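Note sheet for the following structure.
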Amino acid sequence: MTSHTTWTPLHAQLHRTLRQRQILPKNQQLLIAVSGGQDSLCLIKLLLDLQSKWQWQLGIAHCDHRWRPDSEANANHVEELAKNWQLPFYKLSANQVLNGEAAARQWRYQALSEIAQSHNYPYIVTGHTQSDRAETLLYNLMRGSGADGLQSLTWVRPLTDNIKLVRPLLEVTRAQTAQFCQDMQLPVWQDSTNQDLKYARNRIRQELIPYLQQHFNPQVEPALAQTAELLRAEVDYLEKAASALLQEAMEERRLGVGETTLCLNRSLLRKAHLALQRRVMRQFLQQTLQMAPSFEQVEKITALITAPNRSQTDPFLQGAFATVDGNWISIQNPKSQI
């Protein structure tokens, strides 16, 4: 492996992105998630080369899902790279079989958070690209996601109160990371599961995106990523506006002797746009029932804003339902009253 420190257009692009977006401050400890694939190798090499300008302390984390027979060899390969670059190396292996991509992703972020917490890394950095962002948008669109799912893969996401997940390569395509690894002669580990078409994301990557590029728009990846970026700001704005309206409309009201419940003021909510009403109701259900409500559940409780007195929804979780009492919407939870 060569020790190139050539300053490429990609180095310049990332340096500019970091200056403009202020997502990875100087003098910080950064934990880089490295799978050994082209995106993560491109990321770690770029950050190593920029390190002298930003005075970061870097560490490498590898999560072994133990899905593949070669996963241990893959982990050893990444550990060897960390040694060559004289960087601290941390590895976590799954102790049970993870069913499906969603479970694997959840475990991975949990594992990375544990490593970051134990070793005082306030930033976890991943190699997600513009291509990943486009694929995630398509994946969520087909699952019937709203704007929140379509904004997909944001630049920064808080994982805990003191750890942020940062994705600095969201304006870089997978073709660029491949070219960079080739130019820098980086030893990319070929992950056989990336070819497996039983995974929906692989079918999007290998079949759907090339089809869209060929038949609809050669620049479909940047176009979709741009849509995600626009939606990100709009979702952020709507969430904040909904949160402010929820605080204004929510009131604690007495049910009986020594018993209170959180209620929503219908006349206040009636003045709001439907987009805000839906978000307020989703936040209200998340807060009162600790649930991630479906579109149908949000629609049912939103309908109560204009419904006749004594209207109610069918049950949400464990028998809880929402009901109208005059100007107020409240959640009745029979289980909690036993």
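Ordering of the structure tokens sets the chain letters (A, B, ...); residue numbers start at 1 within each chain; ligands are numbered from 1 in the order shown.
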
**Request:** Could you give me, as number ranges by chain, the residues within 6 Å of stretch 225-229 of chain A, counting only C-alpha atoms and dropping anything in the same chain fewer than 2 positions from it?
**Result:** A: 133-134, 151, 222-223, 231-232

Using N, CA, C and O atoms, can you write the selected residues to a file as an mmCIF file, in the first residue's frame?
data_model
loop_
_atom_site.group_PDB
_atom_site.id
_atom_site.type_symbol
_atom_site.label_atom_id
_atom_site.label_comp_id
_atom_site.auth_asym_id
_atom_site.auth_seq_id
_atom_site.Cartn_x
_atom_site.Cartn_y
_atom_site.Cartn_z
ATOM 1 N N ARG A 133 -27.343 8.102 -0.558
ATOM 2 C CA ARG A 133 -28.457 9.011 -0.268
ATOM 3 C C ARG A 133 -29.577 8.844 -1.303
ATOM 4 O O ARG A 133 -30.752 8.796 -0.961
ATOM 5 N N ALA A 134 -29.190 8.742 -2.568
ATOM 6 C CA ALA A 134 -30.169 8.544 -3.652
ATOM 7 C C ALA A 134 -30.893 7.208 -3.476
ATOM 8 O O ALA A 134 -32.116 7.123 -3.603
ATOM 9 N N GLN A 151 -35.965 12.574 3.204
ATOM 10 C CA GLN A 151 -34.801 13.443 3.403
ATOM 11 C C GLN A 151 -33.563 12.589 3.671
ATOM 12 O O GLN A 151 -32.448 13.024 3.446
ATOM 13 N N PRO A 222 -27.275 12.566 -8.370
ATOM 14 C CA PRO A 222 -27.245 13.922 -7.808
ATOM 15 C C PRO A 222 -28.627 14.556 -7.723
ATOM 16 O O PRO A 222 -28.916 15.306 -6.792
ATOM 17 N N ALA A 223 -29.515 14.242 -8.690
ATOM 18 C CA ALA A 223 -30.866 14.824 -8.673
ATOM 19 C C ALA A 223 -31.635 14.357 -7.432
ATOM 20 O O ALA A 223 -32.278 15.161 -6.742
ATOM 21 N N LEU A 231 -35.479 18.573 1.077
ATOM 22 C CA LEU A 231 -36.445 18.069 2.046
ATOM 23 C C LEU A 231 -35.915 18.150 3.474
ATOM 24 O O LEU A 231 -36.671 18.376 4.415
ATOM 25 N N ARG A 232 -34.590 17.978 3.626
ATOM 26 C CA ARG A 232 -33.989 18.018 4.962
ATOM 27 C C ARG A 232 -34.292 19.339 5.658
ATOM 28 O O ARG A 232 -34.720 19.372 6.807
#

**Prompt:** Residues at most 8 Å from A:Ser330, counting only C-alpha atoms, excluding those fewer than 3 positions away in the same chain, as a PyMOL selection string?
**Reply:** chain A and resi 261-264+322-325

**Prompt:** In stretch 42-196 of chain A, what's strand (DSSP E) per DSSP? Answer as a list in words?
**Reply:**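 Filtering stretch 42-196 of chain A to strand (DSSP E) leaves Gln57, Leu58, Gly59, Ile60, Ala61, His62, Cys63, Asp64, Phe89, Tyr90, Lys91, Leu92, Ser93, Tyr123, Ile124, Val125, Val156, Arg157, Pro158, Lys164, Leu165 and Val166 of chain A.
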
**Request:** Find the residues around stretch 181-192 of chain A up to 10 Å (only C-alpha atoms counted), leave out those fewer than 3 positions away in its own chain, and share them as a PyMOL selection string.
**Result:** chain A and resi 1-6+8+35-43+45+68+70-71+73-75+77-78+81+176-178+195-196

Those selected residues, please, written with C-alpha atoms and delivered as an mmCIF file, in the first residue's frame.
data_model
loop_
_atom_site.group_PDB
_atom_site.id
_atom_site.type_symbol
_atom_site.label_atom_id
_atom_site.label_comp_id
_atom_site.auth_asym_id
_atom_site.auth_seq_id
_atom_site.Cartn_x
_atom_site.Cartn_y
_atom_site.Cartn_z
ATOM 1 C CA MET A 1 0.000 0.000 0.000
ATOM 2 C CA THR A 2 1.461 3.323 -1.043
ATOM 3 C CA SER A 3 1.654 6.384 1.219
ATOM 4 C CA HIS A 4 0.404 8.913 -1.338
ATOM 5 C CA THR A 5 -0.387 12.338 0.080
ATOM 6 C CA THR A 6 -1.220 13.782 -3.335
ATOM 7 C CA THR A 8 -6.551 15.532 -5.381
ATOM 8 C CA SER A 35 -15.819 -1.716 6.776
ATOM 9 C CA GLY A 36 -12.900 -2.131 4.389
ATOM 10 C CA GLY A 37 -15.033 -1.307 1.344
ATOM 11 C CA GLN A 38 -14.233 1.487 -1.118
ATOM 12 C CA ASP A 39 -16.347 4.236 0.516
ATOM 13 C CA SER A 40 -14.907 3.793 4.004
ATOM 14 C CA LEU A 41 -11.308 3.441 2.716
ATOM 15 C CA CYS A 42 -11.725 6.588 0.647
ATOM 16 C CA LEU A 43 -13.061 8.369 3.756
ATOM 17 C CA LYS A 45 -7.550 8.159 3.565
ATOM 18 C CA ARG A 68 -20.062 -14.013 5.920
ATOM 19 C CA ASP A 70 -14.748 -14.244 5.485
ATOM 20 C CA SER A 71 -15.920 -11.660 8.046
ATOM 21 C CA ALA A 73 -10.496 -12.069 7.650
ATOM 22 C CA ASN A 74 -12.207 -8.779 6.705
ATOM 23 C CA ALA A 75 -11.849 -7.498 10.305
ATOM 24 C CA HIS A 77 -7.593 -6.708 7.116
ATOM 25 C CA VAL A 78 -9.007 -3.466 8.575
ATOM 26 C CA LEU A 81 -4.617 -1.021 7.893
ATOM 27 C CA GLN A 176 -15.649 8.850 -7.294
ATOM 28 C CA THR A 177 -14.730 6.773 -4.235
ATOM 29 C CA ALA A 178 -13.906 3.805 -6.499
ATOM 30 C CA GLN A 195 -23.677 -8.570 -4.920
ATOM 31 C CA ASP A 196 -26.525 -10.467 -3.239
#

**Asked** Interatomic distance between atom CA of A:Arg203 and atom CA of A:Leu169?
**Response**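 It comes out at 22.3 Å.
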
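For the pair atom CA of A:Arg108 and atom CA of A:Asn194, the interatomic distance is 16.8 Å.
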
**Message:** Would you pick out the contacts of stretch 241-249 of chain A at 12 Å or less, using only C-alpha atoms, so that residues sharing its chain but fewer than 6 positions from it are not included, and give the list as a PyMOL selection string?
**Reply:** chain A and resi 234-235+262-287+305+327-330

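Here atom CA of A:Lys164 stands at a distance of 10.4 Å from atom CA of A:Leu31.
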
**Request:** Go through stretch 13-66 of chain A and collect every residue that DSSP, computed from the backbone, puts in helix (DSSP H, G or I); the answer should be as JSON, numbers by chain.
**Result:** {"A": [13, 14, 15, 16, 17, 18, 19, 20, 21, 38, 39, 40, 41, 42, 43, 44, 45, 46, 47, 48, 49, 50, 51, 52, 53, 54]}

Writer output for current selection, N, CA, C and O atoms, as an mmCIF file, in the first residue's frame:
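Resulting contents of part.cif:
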data_model
loop_
_atom_site.group_PDB
_atom_site.id
_atom_site.type_symbol
_atom_site.label_atom_id
_atom_site.label_comp_id
_atom_site.auth_asym_id
_atom_site.auth_seq_id
_atom_site.Cartn_x
_atom_site.Cartn_y
_atom_site.Cartn_z
ATOM 1 N N GLN A 13 -12.359 19.096 -2.398
ATOM 2 C CA GLN A 13 -13.822 19.126 -2.232
ATOM 3 C C GLN A 13 -14.217 18.876 -0.775
ATOM 4 O O GLN A 13 -15.055 19.590 -0.207
ATOM 5 N N LEU A 14 -13.608 17.844 -0.154
ATOM 6 C CA LEU A 14 -13.958 17.533 1.234
ATOM 7 C C LEU A 14 -13.526 18.666 2.171
ATOM 8 O O LEU A 14 -14.278 19.061 3.069
ATOM 9 N N HIS A 15 -12.347 19.189 1.943
ATOM 10 C CA HIS A 15 -11.836 20.305 2.772
ATOM 11 C C HIS A 15 -12.809 21.487 2.709
ATOM 12 O O HIS A 15 -13.152 22.090 3.724
ATOM 13 N N ARG A 16 -13.297 21.751 1.504
ATOM 14 C CA ARG A 16 -14.251 22.864 1.297
ATOM 15 C C ARG A 16 -15.584 22.570 1.995
ATOM 16 O O ARG A 16 -16.143 23.420 2.687
ATOM 17 N N THR A 17 -16.077 21.338 1.836
ATOM 18 C CA THR A 17 -17.337 20.927 2.487
ATOM 19 C C THR A 17 -17.240 21.108 4.007
ATOM 20 O O THR A 17 -18.154 21.625 4.648
ATOM 21 N N LEU A 18 -16.111 20.664 4.581
ATOM 22 C CA LEU A 18 -15.942 20.742 6.038
ATOM 23 C C LEU A 18 -15.853 22.192 6.506
ATOM 24 O O LEU A 18 -16.357 22.534 7.581
ATOM 25 N N ARG A 19 -15.230 23.033 5.705
ATOM 26 C CA ARG A 19 -15.150 24.471 6.072
ATOM 27 C C ARG A 19 -16.527 25.117 6.015
ATOM 28 O O ARG A 19 -16.915 25.879 6.890
ATOM 29 N N GLN A 20 -17.279 24.795 4.951
ATOM 30 C CA GLN A 20 -18.595 25.429 4.766
ATOM 31 C C GLN A 20 -19.618 24.927 5.772
ATOM 32 O O GLN A 20 -20.383 25.707 6.332
ATOM 33 N N ARG A 21 -19.621 23.634 5.997
ATOM 34 C CA ARG A 21 -20.693 23.043 6.819
ATOM 35 C C ARG A 21 -20.354 22.961 8.302
ATOM 36 O O ARG A 21 -21.236 22.721 9.124
ATOM 37 N N GLN A 38 -14.824 0.314 -0.459
ATOM 38 C CA GLN A 38 -14.233 1.487 -1.118
ATOM 39 C C GLN A 38 -14.634 2.818 -0.465
ATOM 40 O O GLN A 38 -13.807 3.723 -0.331
ATOM 41 N N ASP A 39 -15.905 2.952 -0.035
ATOM 42 C CA ASP A 39 -16.347 4.236 0.516
ATOM 43 C C ASP A 39 -15.627 4.550 1.826
ATOM 44 O O ASP A 39 -15.173 5.668 2.043
ATOM 45 N N SER A 40 -15.532 3.527 2.702
ATOM 46 C CA SER A 40 -14.907 3.793 4.004
ATOM 47 C C SER A 40 -13.390 3.957 3.878
ATOM 48 O O SER A 40 -12.776 4.726 4.616
ATOM 49 N N LEU A 41 -12.761 3.259 2.919
ATOM 50 C CA LEU A 41 -11.308 3.441 2.716
ATOM 51 C C LEU A 41 -11.014 4.817 2.132
ATOM 52 O O LEU A 41 -10.044 5.476 2.511
ATOM 53 N N CYS A 42 -11.866 5.236 1.219
ATOM 54 C CA CYS A 42 -11.725 6.588 0.647
ATOM 55 C C CYS A 42 -11.844 7.620 1.769
ATOM 56 O O CYS A 42 -11.028 8.541 1.877
ATOM 57 N N LEU A 43 -12.839 7.429 2.650
ATOM 58 C CA LEU A 43 -13.061 8.369 3.756
ATOM 59 C C LEU A 43 -11.852 8.454 4.684
ATOM 60 O O LEU A 43 -11.366 9.549 4.986
ATOM 61 N N ILE A 44 -11.356 7.293 5.149
ATOM 62 C CA ILE A 44 -10.262 7.315 6.127
ATOM 63 C C ILE A 44 -8.997 7.919 5.513
ATOM 64 O O ILE A 44 -8.283 8.691 6.146
ATOM 65 N N LYS A 45 -8.741 7.607 4.228
ATOM 66 C CA LYS A 45 -7.550 8.159 3.565
ATOM 67 C C LYS A 45 -7.660 9.687 3.442
ATOM 68 O O LYS A 45 -6.697 10.426 3.717
ATOM 69 N N LEU A 46 -8.831 10.181 3.054
ATOM 70 C CA LEU A 46 -9.033 11.635 2.942
ATOM 71 C C LEU A 46 -8.844 12.317 4.301
ATOM 72 O O LEU A 46 -8.185 13.351 4.408
ATOM 73 N N LEU A 47 -9.426 11.719 5.350
ATOM 74 C CA LEU A 47 -9.312 12.339 6.684
ATOM 75 C C LEU A 47 -7.878 12.295 7.199
ATOM 76 O O LEU A 47 -7.413 13.239 7.842
ATOM 77 N N LEU A 48 -7.167 11.201 6.911
ATOM 78 C CA LEU A 48 -5.747 11.128 7.289
ATOM 79 C C LEU A 48 -4.940 12.229 6.609
ATOM 80 O O LEU A 48 -4.098 12.884 7.231
ATOM 81 N N ASP A 49 -5.218 12.434 5.318
ATOM 82 C CA ASP A 49 -4.474 13.453 4.570
ATOM 83 C C ASP A 49 -4.840 14.871 5.001
ATOM 84 O O ASP A 49 -4.030 15.796 4.875
ATOM 85 N N LEU A 50 -6.064 15.053 5.499
ATOM 86 C CA LEU A 50 -6.493 16.390 5.951
ATOM 87 C C LEU A 50 -6.171 16.629 7.425
ATOM 88 O O LEU A 50 -6.333 17.738 7.933
ATOM 89 N N GLN A 51 -5.724 15.569 8.089
ATOM 90 C CA GLN A 51 -5.522 15.629 9.544
ATOM 91 C C GLN A 51 -4.603 16.779 9.976
ATOM 92 O O GLN A 51 -4.874 17.473 10.956
ATOM 93 N N SER A 52 -3.542 17.002 9.219
ATOM 94 C CA SER A 52 -2.583 18.046 9.624
ATOM 95 C C SER A 52 -3.213 19.444 9.572
ATOM 96 O O SER A 52 -2.826 20.335 10.308
ATOM 97 N N LYS A 53 -4.208 19.624 8.697
ATOM 98 C CA LYS A 53 -4.878 20.936 8.604
ATOM 99 C C LYS A 53 -5.928 21.118 9.706
ATOM 100 O O LYS A 53 -6.282 22.231 10.053
ATOM 101 N N TRP A 54 -6.458 19.997 10.220
ATOM 102 C CA TRP A 54 -7.585 20.075 11.174
ATOM 103 C C TRP A 54 -7.229 19.613 12.588
ATOM 104 O O TRP A 54 -8.045 19.724 13.498
#

**Prompt:** Between A:Phe295, A:Glu239, A:Pro25, A:His62, which has the minimum distance to A:Gly144 (counting only C-alpha atoms)?
**Reply:**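 So, comparing all the options, the nearest one is A:Phe295.
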